[in-house]
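These notes are about the structure you will find just below.
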Amino acid sequence: MDRGTKAEHGSEKKRKLLEWFSLVLLFVGVLLTILVVRIFVSDIRVVDGPSMEPTLHDGERILVQKFGLSDVDRYDIVLWDVSENETLIKRVIGLPGDTVEITEKGTVSVNGEQLPPAYQQAAGTYQMDPVSVTLAEDEYYVLGDNRTNSKDSRELGPMPAEALSGVYLCTFPELHPMILLYGAGL
């Protein structure tokens with residue numbers, strides 16, 4: 001080998017080494033980005049149980065926002081960390097300072113105004129003790145959409161603001177494993 005060939009061979013080795021190093025750096029960067037997003041920005045969760053039917057169904061995968069949790073609005077769907085081992089998915093009915101009333105037939109009113117029909121359980125479908133609660137400045141009143149099968153503020157009391165761990169963004173469609181392998185054109 002002459003000097004020119006040796007230099008070209010060394011240059012080719014350096015180029016390949018730089019390519020590998022760039023790929024490793026890219027891979028590490030992607031992993032770190034995913035980690036930061038999962039820890040601080042959003043998370044994918046699985047609905048456990050029928051308490052939010054017909055809106056969310058058992059086993060559905062949902063995307064949850066984990067930042068900006070002080071901007072929760074009435075009717076948002078939120079995650080409530082009840083304990084270290086239990087997180088509930090519920091709909092916000094009452095905001096801090098609101099007075100929430102529920103009749104024995106289940107009609108829900110906030111500050112004297114009945115909720116719109118879309119957020120009421122069908123009247124007379126269940127019996128319960130009447131509720132009347134005025135929320136503190138750091139509390140929310142949350143209910144499951146399937147009120148006959150929901151553990152929520154009626155049973156647990158108002159949700160403390162610090163127990164709010166996420167806000168529902170969207171549901172992921174169920175994907176068949178073959179679609180993941182071969183594309184949606186099956």
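Going by the structure tokens order, chains are called A, B, ..., each with residues numbered from 1, while ligands are numbered from 1 in the order shown.
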
Contacts between range 149-162 of chain A and range 29-141 of chain A, please, where a residue of range 29-141 of chain A counts if it comes within 6 Å (with only C-alpha atoms); show its shortest atom pair and distance in Å to one decimal, rows by chain and ascending number, as JSON lines.
{"residue": "A:Ser51", "atom": "CA", "partner": "A:Ser150", "partner_atom": "CA", "distance": 4.6}
{"residue": "A:Asp138", "atom": "CA", "partner": "A:Ala161", "partner_atom": "CA", "distance": 5.2}
{"residue": "A:Glu139", "atom": "CA", "partner": "A:Pro160", "partner_atom": "CA", "distance": 4.6}
{"residue": "A:Tyr140", "atom": "CA", "partner": "A:Met159", "partner_atom": "CA", "distance": 5.0}
{"residue": "A:Tyr141", "atom": "CA", "partner": "A:Pro158", "partner_atom": "CA", "distance": 4.9}

Practice problem: Please give the complete set of residues from range 100-176 of chain A that DSSP, run on the backbone, assigns to alpha helix (DSSP H), formatted as a PyMOL selection string. | Solution: chain A and resi 153-156

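Among the candidate residues A:Gly144, A:Glu12, A:Asp48, A:Gln120, the one lying nearest to Val92 in chain A is A:Gly144, with distances computed using only C-alpha atoms.
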
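Counting only C-alpha atoms and comparing A:Leu169, A:Val142, A:Val47, A:Leu164, the residue that lies closest to Leu69 in chain A is A:Leu164.
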
Self-check item: Selected residue of minimal separation from Thr134 in chain A among A:Tyr168, A:Gln121, A:Thr99, A:Thr107, counting only C-alpha atoms
Solution: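 Checking each of A:Tyr168, A:Gln121, A:Thr99, A:Thr107 against Thr134 in chain A, counting only C-alpha atoms, the winner is A:Thr99.
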
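Counting only C-alpha atoms, the residue from A:Asp145, A:Glu86, A:Val110, A:Leu115 that sits nearest to Ser132 in chain A is A:Val110.
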
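Across A:Val82, A:Val131, A:Ile89, A:Leu17, the tightest approach to Glu60 in chain A is made by A:Ile89 when counting only C-alpha atoms.
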
Quiz item: So which residues of chain A fall under strand (DSSP E or B) by DSSP, listed as a PyMOL selection string?
Solution: chain A and resi 42-46+61-65+77-83+86-94+99-102+108-110+113-114+131-134+139-143+159-160+164-172

Quiz prompt | d(CA of Cys170 in chain A, CA of Pro116 in chain A) in Å | solution = 22.2 Å
